[in-house]
Each structure stands twice: as C-alpha cells, then as structure tokens.
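Enquirer: Let me begin by handing over the structure; questions about it come next.
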Amino acid sequence: MVHRICALTLLLLLPSTLAIPDSVWLALPPNSTFCFHIMLPDDVGTVLAGTHRYTITTDPIDPTAYWGIVGQTVSFANTNASLENINTFPFCFSTEGKKEGQSGANFTIRIAIEGTNISRTIRGGVTVSAIPDIDNTAQPASPRDVINSQADIFDIAFSKPVYFGLPDQPTNLRLAIQSYQDITLQLRVESGADVQIEQDTVILSAGQPIRDIGLTATAGIGAWPILVRADVVGCPACSKQVETVLYVNESLPEQAGWTLSLFPKSLDVEAGQSVDVRAIITNNGPTANFNVSIITTLPYLISQEMVLIESGMSEDVPIQLSLPDQPGLYSVQVRVSSDNVTKSETSYISVKELSSDLNRLAGDIKEQNPTASQAVDQILDQWTGQSLQDYQAVLASLQAANQTQPEQPVEEQKQPEGWPWWVWPALVVPIVVVAMIFILRRQSEMSTQYP
C-alpha cells in the first residue's frame with residue numbers, strides 16, 4: 001500500500017532563513033513562502049584575508065520569472081565583505097496564486113570576488129506540490145523533473161567548494177558519497193585539468209553507506225572547473241553531478257577565518273533508519289575552539305559539542321540522526337560558533353521520498369489524463385516497499401498507464417433544424433403562381449379547340 005503523505009508546510013518544518021546550497025530545487029505547497037540567505041564572504045566558497053568587493057547577479061534578472069519575491073530577492077548586489085563585515089542577502093520564493101504542478105523558470109545566481117577569478121554559481125527552480133521536497137543536484141532540468149527524479153537515493157559532494165593549487169603540482173581533492181540503498185555508482189570526471197580519481201566504481205549499501213574517494217588534479221595557471229557525474233547502474237533516472245573549481249596561481253592565496261560545510265545535504269532514507277551527518281569545520285585562522293549546536297525535531301547523538309581545531313586543519317564532527325516511521329521531509333541545522341562569529345548549515349533528510357515521488361507523479365498523470373486514473377490508483381496500491389528495484393517497476397507501470405489515450409467525447413449527430421417561417425412563403429408562392437399559369441393556359445387551349 002502506498003504511504004499517503006500529508007502536505008507539510010516547509011515554513012513550519014524548516015528554519016525560515018538558511019545558507020544557500022549549490023543547487024536549490026524546491027517543491028513548495030501552494031500559497032507558501034520560503035527563504036535562503038547568501039552570506040558573504042562565506043558563500044563564494046572560500047574566505048580570503050582582508051576586505052574584498054563581491055558582486056551578486058541573477059539570470060533571469062526579473063525575480064518574478066522564477067517566483068522570487070520582489071524586495072526580498074536580490075537580483076544584483078555590489079558590496080564589500082570581510083571577517084569583520086559580514087553581509088547577508090535574502091532569496092525568498094513564493095507560490096502565492098500558483099497551482100499544483102506549475103513551475104517557475106530555472107534561475108542562476110553568480111557570486112564573484114572582484115579582482116580575482118574566484119566565483120561560485122548556484123542553480124535551481126521552484127515547483128508547486130502538496131508534497132514538499134528539496135533536492136540537491138546540479139543537473140539542468142525543469143524543477144518538476146528534478147523533484148520527481150530519484151537523485152536523492154544518494155548524495156555526493158566535494159569536501160570544499162573551491163580548491164587552490166600551484167602550477168603543474170598535484171592538488172588533493174576529496175569526494176564524499178553516501179547512500180543507504182544497495183547501489184553501484186559509476187563515476188565520470190570532466191575537466192580541462194589532468195584529474196586522476198582513486199576509483200570510478202563505488203558500491204554502497206545500508207551496511208556500508210559512506211565512502212570517501214580521493215582525486216588529484218594538476219593544471220597550469222587559471223581556473224579549472226572539475227565536474228564529477230555519478231550514475232546509479234541500472235537506473236537511468238538516478239544521477240547527480242557535482243562541481244568544484246581548482247584555482248591555480250604562482251602562489252597560494254591567504255585564506256582567513258573558518259568555514260563550515262555539512263554532508264549529506266539532501267538524502268532519502270527508509271523509515272526508522274539512522275543517518276550519519278558530518279559537520280566539516282576548516283580553520284584557516286589561528287587555533288581556536290568551536291562550539292557546535294544542533295537544531296532539529298529528530299532524536300540525535302553528537303560526538304562532541306566543543307572541538308579544538310589547529311590552524312590550517314579540518315575536523316569532521318559526526319552527528320547521528322534517528323528518523324521516524326512517518327514519511328516526510330525533515331531537517332537538521334548545525335550552528336557553529338567561534339570568537340563571536342556564528343555560521344549555520346542545514347541538511348534535508350526525507351523518509352520514503354520514493355513514495356512521495358510516485359504520489360506526485362501519479363497526481364500529475366491523473367490531472368493530464370483522467371482516463372488513466374483508475375489504472376494509476378491500482379498500480380499505486382501495489383507499491384509495498386522502498387527498494388529501488390520495486391520503485392522502478394511501479395514507475396514503469398505508471399508511465400505505461402499514462403500512454404492510455406484520453407477518451408474523446410462522441411459528438412451527437414445534430415438533427416436538422418426546422419426552417420424559418422419566412423422560408424415557407426418563399427417556397428409556396430412560386431408553386432401557386434406556376435400552378436395558376438398552368439391552369440389558365442390549359443383553359444385557354446380548351447377554349448380555342450371548342451369555341
């Protein structure tokens with residue numbers, strides 16, 4: 001039996017203002033609002049020493065095209081930022097007046113540090129759904145297609161948004177992968193740099209859900225995007241791609257302060273599953289203590305709430321979450337404080353998202369093709385589990401049901417309508433006249449024959 005998922009309001013479920021992830025694919029309930037914040041200097045991907053000028057641009061420029069709220073969504077900004085001067089900019093979305101199944105335009109946000117080749121690009125889109133969801137994938141598609149994909153059965157991310165290296169010297173990169181499904185991932189690297197990956201086939205399962213894969217990248221001076229595409233073997237719709245940038249110069253830039261990242265960012269698990277989340281703190285300043293606090297409605301265990309990190313080092317802080325049996329979208333927000341500076345990141349964990357996706361897809365099919373409604377309901381009632389294999393079988397059945405041609409209404413044969421009243425005199429008068437002429441002529445002929 002399909003687990004029917006009630007509509008949850010993201011504003012009640014999640015914090016109202018969040019640091020923005022690399023991609024933002026939102027399924028929001030009708031007539032709801034949701035906000036992210038861009039925080040500078042952090043959200044460009046690195047913190048450089050000193051004060052720098054940052055620019056934020058969006059495409060489309062008009063935020064209403066992608067349902068951004070005018071006055072609460074920045075389309076252009078040019079500002080200074082530093083460790084002592086942190087600026088935040090809102091990106092808020094609204095589905096007010098939008099209908100189930102509608103989607104806004106895809107958007108792109110670009111953040112750049114003036115005078116350098118350092119920048120960051122964020123992509124996303126919003127769709128309306130009574131079943132809320134947040135997906136994190138860099139693949140270009142419509143918001144509805146991303147939300148209904150099976151990308152969240154695993155997550156993948158680089159340990160840093162950007163890396164720095166020296167000309168023709170190898171730079172070490174780290175790729176984190178996590179899934180609680182029994183899957184095999186095929187990894188493919190695309191870059192103008194010379195990138196060597198430790199292994200391109202990765203096997204994951206509930207017993208071994210986490211893998212860290214090493215890479216080395218070598219290049220000349222310049223900015224070198226490095227993209228890794230991960231495909232689940234046997235599941236064409238199960239794929240993600242992640243990107244980082246290697247900046248190569250004659251000398252390494254002076255980084256300052258500290259950064260926080262969270263992994264996984266978006267992941268689907270089975271009911272009752274325990275999930276490991278890692279808060280990764282990188283300290284580019286002097287040795288310091290960092291306080292870690294958790295905001296979530298879920299039961300959790302944290303390895304340490306105070307961690308000492310030396311200059312130039314990174315520390316992983318494991319957090320174990322216990323997920324309920326009830327399907328839904330849940331969040332954990334990690335806040336880290338040090339020297340009066342507080343930063344936060346959020347992970348989104350969904351329970352039975354495959355069921356959510358099937359219900360959303362089924363609703364779309366029934367709305368577009370009411371003839372298939374009965375078949376769709378029967379197919380959904382056969383869905384009993386959460387395994388990827390069962391899901392693919394039900395998905396194929398739904399897609400086949402959608403091929404049913406909608407019944408065309410049979411047009412009734414129209415009966416000839418009665419003639420207007422004025423037609424009858426027009427027909428009768430000529431007939432009477434012809435008849436009288438015939439009679440008069442006949443009488444005249446008879447008079448001639450018999451005088």
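Chains: A, B, ... in order of the structure tokens. Residues: from 1 per chain. Ligands: from 1, in order shown.
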Can you tell me which residues surround region 85-95 of chain A at a distance of at most 9 Å, considering only C-alpha atoms, apart from same-chain residues fewer than 5 positions away, and format the answer as an MDAnalysis selection string?
Expert: chainID A and resid 17 20 28:42 51 63:64 66:70 72:74 77 79:80 126:128
Enquirer: Please identify all polymer residues within 7 Å of region 292-299 of chain A, counting only C-alpha atoms, omitting same-chain residues fewer than 3 positions from it, and present them as a list in words.
Expert: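 In the requested form, the answer reads Glu305, Met306, Leu321, Ser322, Leu323, Ser331, Val332, Gln333, Val334, Arg335, Val336 and Ser337 of chain A.
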Enquirer: Determine, using only C-alpha atoms, which residues of region 247-338 of chain A have any atom at most 6 Å from an atom of region 163-183 of chain A, and tabulate each with its shortest atom pair and distance in Å to one decimal place, rows ordered by chain and then rising number, as JSON lines.
Expert:
```
{"residue": "A:Tyr247", "atom": "CA", "partner": "A:Phe164", "partner_atom": "CA", "distance": 4.8}
{"residue": "A:Val248", "atom": "CA", "partner": "A:Gly165", "partner_atom": "CA", "distance": 4.7}
{"residue": "A:Asn249", "atom": "CA", "partner": "A:Leu166", "partner_atom": "CA", "distance": 5.6}
{"residue": "A:Glu250", "atom": "CA", "partner": "A:Leu166", "partner_atom": "CA", "distance": 5.9}
```
Enquirer: Report the distance between CA of Pro286 (chain A) and CA of Ile309 (chain A) in Å, rounded to one decimal place.
Expert: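 Atom-to-atom, CA of Pro286 (chain A) and CA of Ile309 (chain A) are spaced 8.8 Å apart.
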Enquirer: Can you pull out the residues contacting Ile118 (chain A)? Cut-off 12 Å, using only C-alpha atoms, and skip same-chain residues under 5 positions away; I want them as a compact mmCIF listing (two decimals) with C-alpha atoms, in the first residue's frame.
Expert:
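Wrote around09.txt, looks like this:
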```txt
# COMPACT_ATOMS: atom_id res chain seq x y z
CA PRO A 41 32.23 36.29 2.31
CA ASP A 43 29.07 31.75 0.29
CA VAL A 44 31.53 32.40 -2.53
CA GLY A 45 33.19 29.17 -1.40
CA THR A 46 36.22 30.48 0.48
CA VAL A 47 37.16 33.25 2.92
CA LEU A 48 40.14 35.38 1.85
CA HIS A 52 37.12 42.34 -0.84
CA ARG A 53 34.37 43.53 -3.14
CA TYR A 54 31.73 40.97 -4.08
CA THR A 55 29.10 41.00 -6.81
CA ARG A 110 26.55 34.01 -9.64
CA ILE A 111 28.75 35.30 -6.82
CA ALA A 112 32.21 36.67 -7.68
CA ILE A 113 35.12 38.36 -5.93
CA PRO A 161 33.50 24.34 -2.83
CA VAL A 162 36.85 25.52 -4.26
CA TYR A 163 40.47 24.37 -4.14
CA PHE A 164 43.75 26.24 -4.62
CA GLY A 222 43.96 29.51 -14.42
CA ALA A 223 40.55 28.50 -13.12
CA TRP A 224 39.76 24.84 -13.82
CA PRO A 225 36.20 23.55 -13.28
CA THR A 244 34.26 22.33 -7.84
CA VAL A 245 36.86 24.73 -9.19
CA LEU A 246 40.65 24.46 -8.91
CA TYR A 247 42.29 27.91 -8.91
CA VAL A 248 45.96 27.69 -9.88
CA ASN A 249 48.33 30.64 -9.37
CA PRO A 253 46.07 32.97 -1.62
```
Enquirer: Please identify all polymer residues within 9 Å of Ile226 (chain A), counting only C-alpha atoms, omitting same-chain residues fewer than 2 positions from it, and present them as a list in words.
Expert: Val189, Glu190, Ser191, Gly192, Ala193, Val195, Ala217, Trp224, Val228, Val242, Glu243, Thr244, Val245 and Leu246 of chain A
Enquirer: Take the selection from the previous step and output its residues with N, CA and C atoms, as an mmCIF file, in the first residue's frame.
Expert:
```
data_model
loop_
_atom_site.group_PDB
_atom_site.id
_atom_site.type_symbol
_atom_site.label_atom_id
_atom_site.label_comp_id
_atom_site.auth_asym_id
_atom_site.auth_seq_id
_atom_site.Cartn_x
_atom_site.Cartn_y
_atom_site.Cartn_z
ATOM 1 N N VAL A 189 34.624 11.758 -14.627
ATOM 2 C CA VAL A 189 35.204 13.082 -14.374
ATOM 3 C C VAL A 189 35.325 13.837 -15.694
ATOM 4 N N GLU A 190 34.930 15.129 -15.659
ATOM 5 C CA GLU A 190 35.087 16.003 -16.820
ATOM 6 C C GLU A 190 35.820 17.260 -16.368
ATOM 7 N N SER A 191 36.959 17.551 -16.996
ATOM 8 C CA SER A 191 37.733 18.738 -16.628
ATOM 9 C C SER A 191 38.817 18.992 -17.663
ATOM 10 N N GLY A 192 39.173 20.254 -17.804
ATOM 11 C CA GLY A 192 40.324 20.591 -18.634
ATOM 12 C C GLY A 192 41.626 20.336 -17.915
ATOM 13 N N ALA A 193 41.562 20.167 -16.590
ATOM 14 C CA ALA A 193 42.749 19.811 -15.816
ATOM 15 C C ALA A 193 42.997 18.299 -15.910
ATOM 16 N N VAL A 195 42.951 15.209 -14.142
ATOM 17 C CA VAL A 195 42.371 14.721 -12.890
ATOM 18 C C VAL A 195 42.442 13.206 -12.857
ATOM 19 N N ALA A 217 44.433 16.628 -8.899
ATOM 20 C CA ALA A 217 44.254 17.464 -10.086
ATOM 21 C C ALA A 217 45.520 18.272 -10.320
ATOM 22 N N TRP A 224 40.042 26.124 -13.177
ATOM 23 C CA TRP A 224 39.759 24.840 -13.818
ATOM 24 C C TRP A 224 38.537 24.178 -13.165
ATOM 25 N N VAL A 228 32.139 16.024 -11.625
ATOM 26 C CA VAL A 228 32.022 14.572 -11.473
ATOM 27 C C VAL A 228 30.554 14.197 -11.601
ATOM 28 N N VAL A 242 28.311 16.902 -9.499
ATOM 29 C CA VAL A 242 28.822 17.919 -8.589
ATOM 30 C C VAL A 242 30.039 18.575 -9.235
ATOM 31 N N GLU A 243 30.264 19.815 -8.835
ATOM 32 C CA GLU A 243 31.333 20.574 -9.472
ATOM 33 C C GLU A 243 32.108 21.369 -8.433
ATOM 34 N N THR A 244 33.408 21.450 -8.611
ATOM 35 C CA THR A 244 34.260 22.330 -7.844
ATOM 36 C C THR A 244 35.165 23.063 -8.834
ATOM 37 N N VAL A 245 35.932 23.996 -8.336
ATOM 38 C CA VAL A 245 36.864 24.733 -9.193
ATOM 39 C C VAL A 245 38.246 24.720 -8.540
ATOM 40 N N LEU A 246 39.256 24.389 -9.346
ATOM 41 C CA LEU A 246 40.651 24.461 -8.907
ATOM 42 C C LEU A 246 41.253 25.759 -9.445
#
```
Enquirer: Find the distance between CA of Ser311 (chain A) and CA of Leu227 (chain A) and write it in Å to one decimal.
Expert: 29.2 Å
Enquirer: State, in Å with one decimal place, the distance from CA of Val351 (chain A) to CA of Asp325 (chain A).
Expert: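 Computed distance, CA of Val351 (chain A) to CA of Asp325 (chain A), equals 7.7 Å.
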Enquirer: Could you give me, as a VMD selection string, each residue of region 300-341 of chain A that DSSP assigns to strand (DSSP E or B) when run on this structure's backbone?
Expert: chain A and resid 300 to 302 306 to 309 313 to 322 328 to 338 341
Enquirer: Write out, as a compact mmCIF listing (two decimals), in the first residue's frame, the residues just selected, with N, CA and C atoms.
Expert:
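The resulting part-v6.txt:
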```txt
# COMPACT_ATOMS: atom_id res chain seq x y z
N TYR A 300 18.90 12.80 18.19
CA TYR A 300 20.23 12.79 17.61
C TYR A 300 21.28 12.53 18.68
N LEU A 301 22.43 12.10 18.22
CA LEU A 301 23.63 11.96 19.05
C LEU A 301 24.75 12.72 18.36
N ILE A 302 25.53 13.48 19.13
CA ILE A 302 26.66 14.22 18.58
C ILE A 302 27.92 13.79 19.31
N MET A 306 32.12 20.62 21.65
CA MET A 306 33.24 21.57 21.66
C MET A 306 34.43 20.89 21.01
N VAL A 307 35.01 21.52 20.01
CA VAL A 307 36.13 20.92 19.31
C VAL A 307 37.24 21.95 19.14
N LEU A 308 38.46 21.55 19.42
CA LEU A 308 39.64 22.40 19.24
C LEU A 308 40.28 22.06 17.90
N ILE A 309 40.44 23.06 17.02
CA ILE A 309 40.98 22.82 15.69
C ILE A 309 42.20 23.73 15.50
N MET A 313 43.86 23.27 9.71
CA MET A 313 43.35 21.90 9.79
C MET A 313 41.82 21.88 9.67
N SER A 314 41.30 20.70 9.32
CA SER A 314 39.86 20.46 9.24
C SER A 314 39.46 19.38 10.22
N GLU A 315 38.23 19.44 10.69
CA GLU A 315 37.72 18.44 11.64
C GLU A 315 36.30 18.06 11.24
N ASP A 316 36.03 16.74 11.20
CA ASP A 316 34.69 16.24 10.97
C ASP A 316 34.01 15.99 12.31
N VAL A 317 32.80 16.53 12.47
CA VAL A 317 32.02 16.31 13.69
C VAL A 317 30.82 15.44 13.31
N PRO A 318 30.82 14.15 13.68
CA PRO A 318 29.72 13.26 13.30
C PRO A 318 28.46 13.53 14.14
N ILE A 319 27.31 13.47 13.47
CA ILE A 319 26.01 13.61 14.12
C ILE A 319 25.14 12.47 13.63
N GLN A 320 24.56 11.70 14.55
CA GLN A 320 23.70 10.58 14.16
C GLN A 320 22.25 10.94 14.42
N LEU A 321 21.44 10.86 13.36
CA LEU A 321 20.01 11.17 13.45
C LEU A 321 19.20 9.88 13.43
N SER A 322 18.11 9.87 14.20
CA SER A 322 17.17 8.75 14.17
C SER A 322 15.90 9.21 13.47
N GLY A 328 7.98 11.89 5.24
CA GLY A 328 8.02 13.35 5.31
C GLY A 328 9.41 13.87 5.03
N LEU A 329 9.54 15.18 5.09
CA LEU A 329 10.81 15.87 4.87
C LEU A 329 11.26 16.47 6.20
N TYR A 330 12.48 16.13 6.62
CA TYR A 330 12.99 16.56 7.92
C TYR A 330 14.31 17.31 7.72
N SER A 331 14.68 18.09 8.71
CA SER A 331 15.89 18.88 8.58
C SER A 331 16.70 18.83 9.86
N VAL A 332 18.00 19.05 9.71
CA VAL A 332 18.89 19.25 10.85
C VAL A 332 19.75 20.46 10.53
N GLN A 333 19.71 21.45 11.40
CA GLN A 333 20.52 22.64 11.23
C GLN A 333 21.67 22.59 12.24
N VAL A 334 22.88 22.76 11.74
CA VAL A 334 24.07 22.77 12.58
C VAL A 334 24.59 24.20 12.67
N ARG A 335 24.74 24.67 13.90
CA ARG A 335 25.29 26.01 14.14
C ARG A 335 26.64 25.87 14.84
N VAL A 336 27.61 26.58 14.31
CA VAL A 336 28.96 26.55 14.88
C VAL A 336 29.35 27.98 15.22
N SER A 337 29.90 28.15 16.43
CA SER A 337 30.30 29.49 16.88
C SER A 337 31.75 29.47 17.33
N SER A 338 32.46 30.57 17.02
CA SER A 338 33.83 30.75 17.46
C SER A 338 34.17 32.24 17.40
N VAL A 341 31.59 34.74 16.14
CA VAL A 341 31.09 34.52 14.79
C VAL A 341 30.31 33.20 14.76
```
Enquirer: Per DSSP on the backbone, what are the alpha helix (DSSP H) residues of region 321-380 of chain A, as a list in words?
Expert: Glu353, Leu354, Ser355, Ser356, Asp357, Leu358, Asn359, Arg360, Leu361, Ala362, Gly363, Asp364, Ile365, Lys366, Glu367, Gln368, Ser373, Gln374, Ala375, Val376, Asp377, Gln378, Ile379 and Leu380 of chain A
Enquirer: I need the residue nearest Ala230 (chain A) from this list: A:Asp276, A:Glu114, A:Asp155, A:Glu100. Use only C-alpha atoms for the distance.
Expert: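 Going through A:Asp276, A:Glu114, A:Asp155, A:Glu100 one by one, the smallest distance to Ala230 (chain A) is for A:Asp155.
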Enquirer: Show me, as number ranges by chain, the residues that have an atom within 7 Å of Phe76 (chain A) when counting only C-alpha atoms, minus same-chain residues fewer than 4 positions from it.
Expert: A: 56-58
Enquirer: How would the residues just picked look written out with N, CA and C atoms as an mmCIF file, in the first residue's frame?
Expert:
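Here's the written file selection_24.cif:
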```cif
data_model
loop_
_atom_site.group_PDB
_atom_site.id
_atom_site.type_symbol
_atom_site.label_atom_id
_atom_site.label_comp_id
_atom_site.auth_asym_id
_atom_site.auth_seq_id
_atom_site.Cartn_x
_atom_site.Cartn_y
_atom_site.Cartn_z
ATOM 1 N N ILE A 56 26.893 40.046 -6.845
ATOM 2 C CA ILE A 56 25.874 39.004 -6.992
ATOM 3 C C ILE A 56 25.008 39.373 -8.183
ATOM 4 N N THR A 57 24.869 38.472 -9.133
ATOM 5 C CA THR A 57 23.988 38.686 -10.281
ATOM 6 C C THR A 57 23.103 37.461 -10.457
ATOM 7 N N THR A 58 21.919 37.686 -11.037
ATOM 8 C CA THR A 58 21.000 36.575 -11.275
ATOM 9 C C THR A 58 20.557 36.553 -12.726
#
```
